[in-house]
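Participant: For reference, the file query.cif (mmCIF, C-alpha atoms) is included below:
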data_query
#
loop_
_atom_site.label_atom_id
_atom_site.label_comp_id
_atom_site.auth_asym_id
_atom_site.auth_seq_id
_atom_site.Cartn_x
_atom_site.Cartn_y
_atom_site.Cartn_z
CA MET Z 1 83.80 103.96 109.14
CA LYS Z 2 85.64 100.73 109.87
CA GLU Z 3 84.41 97.17 109.95
CA THR Z 4 85.84 95.39 112.97
CA LEU Z 5 86.49 91.70 112.58
CA ARG Z 6 87.17 89.84 115.82
CA ALA Z 7 89.84 87.20 115.71
CA VAL Z 8 91.02 84.28 117.78
CA HIS Z 9 94.62 83.08 117.60
CA SER Z 10 95.02 79.46 116.49
CA ALA Z 11 96.87 78.71 119.74
CA GLU Z 12 93.85 79.90 121.75
CA VAL Z 13 91.05 77.96 120.09
CA ARG Z 14 90.48 75.73 123.14
CA ALA Z 15 90.31 78.77 125.41
CA PHE Z 16 87.87 80.36 122.95
CA PHE Z 17 85.52 77.37 123.05
CA ALA Z 18 85.90 77.23 126.84
CA ALA Z 19 84.84 80.90 127.07
CA LEU Z 20 81.82 80.07 124.89
CA GLY Z 21 80.96 77.11 127.14
CA LEU Z 22 81.35 74.70 124.22
CA LEU Z 23 84.52 72.87 125.28
CA PRO Z 24 82.74 69.61 126.23
CA GLN Z 25 81.03 69.50 122.81
CA LEU Z 26 84.35 70.25 121.07
CA ASP Z 27 86.11 67.43 122.95
CA ALA Z 28 83.22 65.05 122.30
CA GLY Z 29 83.40 65.77 118.54
CA GLU Z 30 79.81 67.00 118.51
CA LEU Z 31 80.46 70.30 116.70
CA ARG Z 32 79.92 70.40 112.95
CA CYS Z 33 80.50 72.92 110.17
CA ASP Z 34 77.20 74.64 109.45
CA ILE Z 35 78.14 74.99 105.78
CA CYS Z 36 79.51 71.57 104.73
CA GLY Z 37 78.56 69.41 107.72
CA ASP Z 38 82.08 68.13 108.43
CA PRO Z 39 83.05 67.63 112.09
CA ILE Z 40 84.93 70.55 113.65
CA GLY Z 41 87.93 69.78 115.85
CA GLU Z 42 90.32 72.18 117.53
CA SER Z 43 92.49 72.40 114.42
CA HIS Z 44 89.62 72.55 111.91
CA PHE Z 45 87.71 75.49 113.35
CA ARG Z 46 87.91 78.63 111.18
CA ALA Z 47 85.02 81.02 111.87
CA ALA Z 48 81.90 81.65 113.91
CA VAL Z 49 78.95 83.99 113.59
CA ARG Z 50 75.82 84.40 115.70
CA ARG Z 51 72.57 84.44 113.81
CA GLN Z 52 69.19 84.59 115.48
CA GLU Z 53 70.39 83.13 118.80
CA ARG Z 54 72.32 80.32 117.07
CA LEU Z 55 76.10 80.22 116.94
CA LEU Z 56 77.05 79.04 113.47
CA LEU Z 57 80.49 77.53 112.91
CA ALA Z 58 82.64 77.01 109.83
CA CYS Z 59 85.50 74.59 109.27
CA ASP Z 60 88.82 75.60 107.71
CA LYS Z 61 87.85 75.05 104.08
CA PRO Z 62 88.14 78.58 102.57
CA GLY Z 63 84.70 78.37 100.97
CA CYS Z 64 83.01 77.53 104.28
CA ALA Z 65 84.50 80.47 106.20
CA LEU Z 66 83.59 82.89 103.41
CA ALA Z 67 80.07 81.54 103.09
CA LEU Z 68 79.67 82.08 106.82
CA ALA Z 69 81.03 85.64 106.50
CA GLY Z 70 78.13 86.40 104.18
CA ILE Z 71 75.41 84.64 106.12
CA ASP Z 72 74.63 87.40 108.58
CA ILE Z 73 74.66 90.19 106.02
CA GLU Z 74 70.99 89.70 105.22
CA VAL Z 75 69.93 90.01 108.86
CA ARG Z 76 71.90 93.16 109.73
CA MET P 1 112.12 108.45 95.76
CA GLY P 2 115.18 106.76 94.26
CA VAL P 3 118.78 106.83 95.52
CA SER P 4 119.83 109.18 92.71
CA SER P 5 117.04 111.64 93.64
CA ILE P 6 118.20 111.62 97.28
CA ALA P 7 121.81 112.11 96.18
CA ASP P 8 120.71 115.09 94.03
CA LEU P 9 118.82 116.54 96.97
CA VAL P 10 121.83 116.28 99.28
CA ARG P 11 124.11 117.74 96.60
CA ARG P 12 121.82 120.73 96.06
CA PHE P 13 120.69 121.50 99.60
CA GLY P 14 123.34 119.87 101.83
CA PRO P 15 122.97 117.19 104.56
CA TRP P 16 120.11 119.10 106.24
CA ALA P 17 117.93 118.08 103.31
CA LEU P 18 118.39 114.46 104.36
CA LEU P 19 117.37 115.26 107.92
CA ALA P 20 114.32 117.18 106.65
CA LEU P 21 113.41 114.18 104.52
CA VAL P 22 113.61 111.83 107.50
CA VAL P 23 111.50 114.20 109.63
CA TRP P 24 108.95 114.51 106.80
CA TYR P 25 108.68 110.71 106.48
CA PHE P 26 108.44 110.28 110.28
CA LEU P 27 105.60 112.84 110.44
CA ARG P 28 103.86 111.16 107.53
CA VAL P 29 103.96 107.80 109.34
CA LEU P 30 102.70 109.40 112.56
CA LEU P 31 99.80 111.14 110.84
CA ASP P 32 98.81 108.18 108.68
CA GLU P 33 97.00 105.57 110.75
CA ASP P 34 97.53 102.76 108.25
CA LEU P 35 101.20 103.50 107.62
CA SER P 36 101.66 103.62 111.42
CA SER P 37 100.07 100.16 111.66
CA VAL P 38 102.53 98.77 109.11
CA TRP P 39 105.48 100.17 111.09
CA ARG P 40 104.05 98.95 114.40
CA ALA P 41 103.71 95.51 112.78
CA LYS P 42 107.41 95.55 111.83
CA LEU P 43 108.29 96.43 115.42
CA PHE P 44 106.13 93.69 116.93
CA ARG P 45 107.42 91.17 114.41
CA ALA P 46 110.98 91.88 115.57
CA MET P 47 109.88 91.71 119.22
CA HIS P 48 108.14 88.38 118.57
CA ALA P 49 111.26 87.00 116.87
CA VAL P 50 113.24 87.79 120.03
CA SER P 51 110.68 86.99 122.75
CA GLY P 52 108.55 84.32 121.06
CA ARG P 53 105.58 85.72 123.03
CA THR P 54 102.08 85.19 121.65
CA ASP P 55 100.93 88.71 122.61
CA HIS P 56 103.71 90.20 120.43
CA GLU P 57 102.73 87.84 117.61
CA LYS P 58 99.06 88.82 117.90
CA ARG P 59 99.90 92.50 117.75
CA TYR P 60 102.05 91.87 114.67
CA ILE P 61 99.30 89.90 112.91
CA ALA P 62 96.58 92.48 113.65
CA ASN P 63 98.65 95.58 112.82
CA ASP P 64 100.11 94.07 109.66
CA ALA P 65 96.74 92.93 108.30
CA ARG P 66 95.01 96.21 109.21
CA GLY P 67 97.74 98.47 107.80
CA ARG P 68 98.37 96.59 104.57
CA LEU P 69 94.74 95.93 103.69
CA ASN P 70 93.68 99.50 104.40
CA LEU P 71 96.56 100.92 102.33
CA ALA P 72 95.65 98.57 99.47
CA ARG P 73 92.01 99.59 99.76
CA ARG P 74 92.96 103.22 99.15
CA GLU P 75 94.54 102.22 95.83
CA ILE P 76 91.24 101.00 94.46
CA HIS P 77 89.05 103.52 96.29
CA PHE P 78 88.85 106.34 93.82
CA ALA P 79 85.23 107.40 93.92
CA GLY P 80 83.92 107.62 97.43
CA GLY P 81 82.60 104.53 99.08
CA PRO P 82 81.52 101.76 96.73
CA LEU P 83 84.28 99.37 97.62
CA PRO P 84 85.03 97.44 100.82
CA ARG P 85 85.16 99.36 104.07
CA ALA P 86 88.34 99.85 106.08
CA ILE P 87 89.15 96.95 108.36
CA ASP P 88 90.08 96.68 112.01
CA VAL P 89 91.13 93.46 113.71
CA ALA P 90 90.37 92.99 117.42
CA TRP P 91 91.39 89.89 119.34
CA VAL P 92 88.78 88.02 121.34
CA SER P 93 89.60 87.85 125.05
CA THR P 94 90.25 84.24 126.01
CA ALA P 95 91.58 84.71 129.57
CA PRO P 96 91.10 81.61 131.75
CA GLY P 97 87.70 81.58 133.46
CA SER P 98 86.27 84.31 131.21
CA THR P 99 82.97 83.98 129.39
CA LEU P 100 82.47 85.22 125.86
CA ASP P 101 79.33 86.74 124.46
CA VAL P 102 79.08 86.79 120.66
CA ARG P 103 76.73 89.54 119.51
CA GLU P 104 74.13 89.04 116.79
CA GLY P 105 75.82 89.22 113.39
CA GLU P 106 79.32 89.33 114.82
CA PHE P 107 81.91 87.44 112.79
CA ILE P 108 84.86 85.79 114.54
CA VAL P 109 87.69 84.27 112.53
CA ARG P 110 90.59 82.06 113.56
CA LEU P 111 93.90 83.50 112.41
CA ASP P 112 97.01 81.37 111.96
CA PRO P 113 100.49 82.00 113.39
CA ALA P 114 102.70 84.75 111.96
CA ALA P 115 104.40 82.32 109.56
CA SER P 116 101.04 81.97 107.74
CA GLN P 117 100.29 85.69 107.57
CA SER P 118 99.62 85.43 103.81
CA HIS P 119 96.63 83.16 104.52
CA ASN P 120 95.42 85.46 107.28
CA ILE P 121 95.48 88.53 105.03
CA ALA P 122 93.77 86.75 102.13
CA LEU P 123 91.06 85.42 104.43
CA LEU P 124 90.47 88.81 106.06
CA ALA P 125 90.33 90.53 102.66
CA ALA P 126 87.72 88.06 101.39
CA ALA P 127 85.70 88.40 104.59
CA ILE P 128 85.73 92.21 104.53
CA VAL P 129 84.64 92.29 100.88
CA ARG P 130 81.81 89.84 101.57
CA ARG P 131 80.60 91.73 104.63
CA THR P 132 80.82 95.33 103.42
CA THR P 133 79.97 95.39 99.72
CA MET P 134 76.52 95.15 98.11
CA VAL P 135 75.02 95.58 101.58
CA GLY P 136 71.25 95.81 101.31
CA ILE P 137 71.04 94.30 97.81
CA ARG P 138 72.65 90.89 98.28
CA HIS P 139 69.20 89.35 98.49
CA SER P 140 68.66 90.53 94.92
CA VAL P 141 71.94 89.26 93.51
CA GLU P 142 71.96 85.62 92.44
CA ALA P 143 74.57 83.46 94.20
CA PRO P 144 76.90 82.86 91.20
CA LEU P 145 77.03 86.59 90.48
CA GLN P 146 77.68 87.39 94.16
CA THR P 147 80.55 84.90 94.18
CA ALA P 148 82.05 86.33 90.98
CA ILE P 149 81.81 89.94 92.25
CA ASP P 150 83.19 89.10 95.72
CA LEU P 151 86.10 87.07 94.43
CA ASN P 152 87.13 89.59 91.78
CA LEU P 153 86.95 92.47 94.23
CA THR P 154 89.05 90.50 96.71
CA ARG P 155 91.52 89.71 93.92
CA GLN P 156 91.82 93.42 93.13
CA LEU P 157 92.31 94.30 96.79
CA LEU P 158 95.03 91.68 97.17
CA ALA P 159 96.69 92.72 93.89
CA ALA P 160 96.87 96.27 95.26
CA LEU P 161 98.80 94.90 98.29
CA GLY P 162 101.73 94.22 95.98
CA ASN P 163 102.50 90.93 97.76
CA ARG P 164 102.47 88.08 95.26
CA SER P 165 102.50 85.28 97.85
CA VAL P 166 99.19 86.52 99.31
CA LEU P 167 97.62 86.75 95.86
CA ASP P 168 98.99 83.35 94.82
CA TRP P 169 97.53 81.66 97.87
CA PHE P 170 94.15 83.32 97.32
CA LEU P 171 94.02 82.42 93.62
CA GLN P 172 95.03 78.82 94.24
CA ALA P 173 93.05 78.09 97.40
CA VAL P 174 89.93 80.21 96.90
CA TYR P 175 89.50 81.90 93.51
CA VAL P 176 90.14 79.04 91.08
CA PRO P 177 88.20 76.33 92.99
CA ALA P 178 85.23 78.67 93.50
CA THR P 179 85.02 79.93 89.92
CA THR P 180 85.53 76.64 88.12
CA GLY P 181 83.20 74.52 90.24
CA ASP P 182 79.87 74.95 88.47
CA ALA P 183 78.75 76.33 85.10
CA PRO P 184 76.66 79.31 86.35
CA THR P 185 79.50 80.63 88.53
CA HIS P 186 82.01 80.05 85.74
CA GLY P 187 79.78 81.99 83.33
CA ARG P 188 79.25 84.92 85.70
CA ASN P 189 82.95 85.02 86.51
CA ASP P 190 83.74 85.19 82.80
CA GLN P 191 81.41 88.19 82.49
CA ILE P 192 82.87 89.99 85.51
CA THR P 193 86.43 89.26 84.37
CA SER P 194 85.69 90.67 80.90
CA ILE P 195 84.17 93.81 82.45
CA ASP P 196 87.19 94.09 84.75
CA GLU P 197 89.66 93.73 81.87
CA ARG P 198 88.15 96.86 80.28
CA GLY P 199 88.44 98.60 83.65
CA LEU P 200 84.70 98.97 84.21
CA PHE P 201 84.23 96.61 87.16
CA THR P 202 85.16 98.92 90.03
CA ARG P 203 84.74 102.17 88.04
CA LEU P 204 81.26 101.53 86.74
CA LEU P 205 79.56 98.31 87.86
CA MET P 206 80.38 98.61 91.56
CA VAL P 207 79.68 102.36 91.53
CA GLU P 208 76.21 101.77 90.06
CA LEU P 209 75.47 98.85 92.41
CA GLU P 210 76.34 101.07 95.36
CA ALA P 211 74.06 103.82 94.00
CA PHE P 212 71.32 101.23 93.47
CA SER P 213 71.79 99.96 97.03
CA ARG P 214 71.27 103.51 98.34
CA ALA P 215 68.24 104.07 96.09
CA VAL P 216 66.38 100.94 97.18
CA HIS P 217 67.37 101.12 100.84
CA GLY P 218 64.41 100.22 103.02
CA LEU P 219 62.32 98.73 100.19
CA ALA P 220 61.16 95.13 100.32
CA PRO P 221 63.04 92.85 97.89
CA ARG P 222 61.21 92.58 94.57
CA PRO P 223 61.99 90.47 91.49
CA TYR P 224 62.66 93.57 89.36
CA MET P 225 65.62 94.44 91.60
CA ALA P 226 67.40 91.23 90.61
CA GLY P 227 66.49 91.96 86.98
CA GLU P 228 68.04 95.45 87.14
CA ILE P 229 71.33 94.10 88.50
CA GLU P 230 71.58 91.14 86.11
CA GLY P 231 70.58 93.39 83.19
CA LEU P 232 73.34 95.85 84.07
CA VAL P 233 75.93 93.06 84.07
CA GLU P 234 74.69 91.84 80.66
CA PHE P 235 74.72 95.41 79.30
CA LEU P 236 78.31 95.99 80.41
CA TYR P 237 79.44 92.56 79.23
CA THR P 238 78.06 93.28 75.73
CA LEU P 239 79.77 96.67 75.75
CA CYS P 240 83.10 95.24 76.90
CA THR P 241 83.23 92.33 74.46
CA LYS P 242 82.01 94.10 71.33
CA PRO P 243 84.32 94.09 68.32
CA PRO P 244 85.57 97.54 67.24
CA ARG P 245 82.98 99.70 65.44
CA GLN P 246 80.14 97.26 66.11
CA LYS P 247 77.06 99.10 67.34
CA VAL P 248 75.70 98.02 70.71
CA PRO P 249 73.23 99.71 73.10
CA LEU P 250 74.86 102.62 74.92
CA ARG P 251 71.98 103.28 77.28
CA TYR P 252 70.65 101.16 80.11
CA GLU P 253 67.27 102.36 81.39
CA ARG P 254 65.47 100.67 84.23
CA ALA P 255 63.50 101.95 87.20
CA TYR P 256 66.56 102.78 89.32
CA ILE P 257 69.67 102.06 87.31
CA ARG P 258 69.65 104.50 84.39
CA ILE P 259 73.03 105.03 82.80
CA GLY P 260 74.43 106.12 79.47
CA VAL P 261 77.86 105.58 77.94
CA ILE P 262 79.79 107.69 75.45
CA ILE P 263 82.84 105.98 73.95
CA LEU P 264 85.61 108.07 72.46
CA ALA P 265 87.54 105.54 70.44
CA VAL P 266 87.31 106.25 66.69
CA THR P 267 90.11 108.74 66.14
CA GLU P 268 89.09 110.26 62.81
CA LYS P 269 85.47 110.69 63.95
CA PHE P 270 86.46 112.38 67.21
CA LEU P 271 89.07 114.62 65.55
CA ALA P 272 86.59 115.66 62.84
CA SER P 273 84.09 117.07 65.33
CA ILE P 274 83.01 116.78 68.93
CA ASP P 275 79.40 117.59 67.96
CA PRO P 276 78.17 113.95 67.74
CA TYR P 277 79.51 113.33 71.25
CA VAL P 278 77.96 116.46 72.72
CA GLN P 279 74.69 115.48 71.01
CA ALA P 280 75.00 112.01 72.54
CA MET P 281 75.30 113.64 75.96
CA ASP P 282 72.16 115.74 75.28
CA SER P 283 70.32 112.68 74.06
CA HIS P 284 71.25 110.72 77.21
CA LEU P 285 70.02 113.61 79.35
CA LYS P 286 66.67 113.67 77.55
CA HIS P 287 66.19 110.06 78.63
CA GLU P 288 66.47 111.12 82.28
CA LEU P 289 69.51 109.03 83.01
CA THR P 290 71.10 109.33 86.42
CA SER P 291 74.70 109.05 85.31
CA ILE P 292 76.66 109.23 82.08
CA TYR P 293 80.08 107.68 81.62
CA VAL P 294 82.55 108.99 79.09
CA LEU P 295 85.14 106.34 78.21
CA ALA P 296 88.20 107.53 76.33
CA PHE P 297 90.83 105.09 75.14
CA ASP P 298 94.40 106.27 75.07
CA LYS P 299 96.00 107.09 71.73
CA ASP P 300 99.58 106.08 72.54
CA TRP P 301 99.82 104.27 69.23
CA LEU P 302 98.72 107.48 67.53
CA GLY P 303 101.64 109.26 69.18
CA GLU P 304 104.04 106.71 67.73
CA ILE P 305 102.61 107.10 64.23
CA ASP P 306 101.58 110.72 64.20
CA PRO P 307 102.47 112.94 67.18
CA GLU P 308 100.57 115.86 65.65
CA HIS P 309 97.29 113.94 65.74
CA LEU P 310 97.94 112.91 69.34
CA ASP P 311 98.17 116.55 70.29
CA GLU P 312 94.94 117.25 68.40
CA TRP P 313 93.24 114.35 70.19
CA THR P 314 94.27 115.69 73.62
CA LYS P 315 93.05 119.19 72.73
CA GLN P 316 89.80 117.83 71.32
CA LEU P 317 89.14 115.90 74.54
CA ALA P 318 89.70 119.03 76.63
CA HIS P 319 87.39 120.93 74.26
CA PHE P 320 84.71 118.24 74.67
CA GLU P 321 84.93 118.47 78.46
CA LYS P 322 84.60 122.28 78.34
CA GLU P 323 81.63 122.04 76.00
CA VAL P 324 79.88 119.53 78.27
CA ALA P 325 80.56 121.67 81.35
CA ALA P 326 79.27 124.83 79.64
CA GLY P 327 76.39 123.43 77.61
CA THR P 328 74.78 120.87 79.91
CA ALA P 329 73.66 120.67 83.53
CA VAL P 330 75.71 117.60 84.40
CA THR P 331 78.29 117.65 87.15
CA LYS P 332 81.54 115.72 87.02
CA ASP P 333 81.55 113.09 89.74
CA PHE P 334 84.98 111.58 89.10
CA ASP P 335 87.61 111.39 86.42
CA VAL P 336 90.10 108.53 86.60
CA GLU P 337 92.89 107.27 84.38
CA TYR P 338 93.69 103.59 84.38
CA SER P 339 95.15 100.84 82.26
CA CYS P 340 93.05 98.10 80.69
CA VAL P 341 93.24 95.28 78.16
CA ASP P 342 91.67 95.89 74.75
CA HIS P 343 89.92 93.34 72.51
CA THR P 344 93.25 92.21 71.06
CA GLY P 345 94.69 91.59 74.52
CA ARG P 346 96.93 94.67 74.30
CA ARG P 347 97.34 96.77 77.46
CA ARG P 348 96.20 100.35 76.94
CA ARG P 349 95.63 103.40 79.06
CA ALA P 350 92.08 104.67 79.34
CA ARG P 351 90.06 107.32 81.06
CA CYS P 352 86.65 107.07 82.70
CA ILE P 353 84.68 110.20 83.52
CA ARG P 354 81.41 109.89 85.42
CA TYR P 355 78.91 112.71 85.07
CA ALA P 356 75.91 112.87 87.41
CA ALA P 357 72.77 114.16 85.76
CA PRO P 358 70.59 116.82 87.39
CA LEU P 359 67.99 115.37 89.80
CA SER P 360 70.16 112.28 89.88
CA ARG P 361 68.80 109.68 92.24
CA SER P 362 72.31 108.36 92.89
#
The structure in this file should be written as structure tokens.

Facilitator:
Amino acid sequence: MKETLRAVHSAEVRAFFAALGLLPQLDAGELRCDICGDPIGESHFRAAVRRQERLLLACDKPGCALALAGIDIEVR
Amino acid sequence: MGVSSIADLVRRFGPWALLALVVWYFLRVLLDEDLSSVWRAKLFRAMHAVSGRTDHEKRYIANDARGRLNLARREIHFAGGPLPRAIDVAWVSTAPGSTLDVREGEFIVRLDPAASQSHNIALLAAAIVRRTTMVGIRHSVEAPLQTAIDLNLTRQLLAALGNRSVLDWFLQAVYVPATTGDAPTHGRNDQITSIDERGLFTRLLMVELEAFSRAVHGLAPRPYMAGEIEGLVEFLYTLCTKPPRQKVPLRYERAYIRIGVIILAVTEKFLASIDPYVQAMDSHLKHELTSIYVLAFDKDWLGEIDPEHLDEWTKQLAHFEKEVAAGTAVTKDFDVEYSCVDHTGRRRRARCIRYAAPLSRS
């Protein structure tokens, strides 16, 4: 059995946020890393996971993305 | 297969042997999903170099990461399924005007351009380890121990890739900062590293954690679960750091994790008689343990000093295995040879045999 990880290419981050309906918030600098609290811009976004209706985001610090990778494990 | 072996083959069987070899390799690639991914990645990398198209680059990144990580995973996957699951990488559709629905629990990661593929692979390896190991028991594993286990398993997976730039990036950017940040994580990482140096991290600790995860599946988290896991780590750490001939507990008995260890290390004792070791197996079984590990440390040095004794050692080990198979109700679960570092820092070969006891709950 395989674990599928979905990925977004770094050149398509804007299109990704547009598809999520979050482009205005991204452009306004309103998005923050749910792990460290730093602002997330187009070049700082690293990972996202949905947990209990909320879309959690992580910036590109390695520790933040990995912490986010583990966050949903408890609710699966 | 080396060039000299191929030359020998052609000399003995003629040029058709070369053709047969090529056909054999081609079939092997076709039938092996992960090897096929690696070759597809090479193709798309070349196509991307010519065309510069992002779709070619994306197919290279996904195929390369999938193929290489899954091949590396096989290297450390010797005993069924305790280690990270196989990975697949699927690109999110970002066509203009499309909407994207992220499902509950779904993890989406940004991957960098092909030039930074080392980062991509290291990140995916760490994510797959975090998401597919210790599932169901993470709530019972304290955060510093989780970090130490995750990072060391990722390190092993990346080491099995055989690509030093990937491992270097991971060690520098992730492993070292995470394991030196605070005292509890540093302490747990020291324990896991010591257990790993003796070869018992993936061959014993992770195997037992996976068995524990299956045993407690569906139960509400209780404090004793955390105690069982932390106690097992302490037990193995004591075992792995003990000086030679010092007596330490060889049995770990809790509600779910119940294991015994038999160490074959003292040459003269083992060559004199296998009886104490067979008795140890019987004694472990009387304590209703679920699994018993036999750890044998290689006697290469004995071969250098006294080849006759080396031969005796090998025969004695085979005799012990026969005696256990005939005289007890245990079943051999796996038997792996590996190399490890001993207490003096010297690299040695070792062998780990796991026996499952009757009515084993694992």

Participant: Please return, as a VMD selection string, all residues of chain P lying within 8 Å of chain Z when all atoms listed in the file are considered.

Facilitator: chain P and resid 58 85 to 113 123 126 to 128 130 to 132 135 to 136 138 to 139 173 to 174 178

Participant: With the PyMOL selection byres ((chain P and resi 158) around 8) as the selection, what would be picked from this file? Answer as an MDAnalysis selection string, please.

Facilitator: chainID P and resid 69 72 122 125 154:157 159:163 166:167

Participant: What's the separation between CA of Ala357 (chain P) and CA of Ile259 (chain P), in Å to one decimal place?

Facilitator: 9.6 Å

Participant: Going by the chain IDs and residue numbers used in this file, which residues fall under the PyMOL selection byres ((chain P and resi 205) around 10)? Write them as a PyMOL selection string.

Facilitator: chain P and resi 82+149+192+195-196+199-204+206-211+229+232-233+236

Participant: Please indicate the distance in Å from CA of Val38 (chain P) to CA of Ala115 (chain P), rounded to one decimal place.

Facilitator: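 For CA of Val38 (chain P) relative to CA of Ala115 (chain P), the distance reads 16.6 Å.
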
Participant: CA of Arg59 (chain P) to CA of Phe44 (chain P): how many Å, to one decimal?

Facilitator: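 Pair CA of Arg59 (chain P) / CA of Phe44 (chain P) returns 6.4 Å.
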
Participant: Decode the PyMOL selection byres ((chain P and resi 181-191) around 10) for the given file into explicit residues and return them as a VMD selection string.

Facilitator: chain P and resid 142 to 149 151 to 152 176 to 180 192 to 197 230 233 to 234 236 to 238 240 to 241

Participant: Write out as a list in words which residues come within 10 Å of region 273-277 of chain P when counting all atoms listed in the file, dropping same-chain ones fewer than 5 positions away.

Facilitator: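 Near neighbours after the sequence-gap exclusion: Ile262, Ile263, Leu264, Glu268, Asp282, Ser283, Val294, Gln316, Leu317, His319, Phe320, Glu321, Glu323 and Val324 of chain P.
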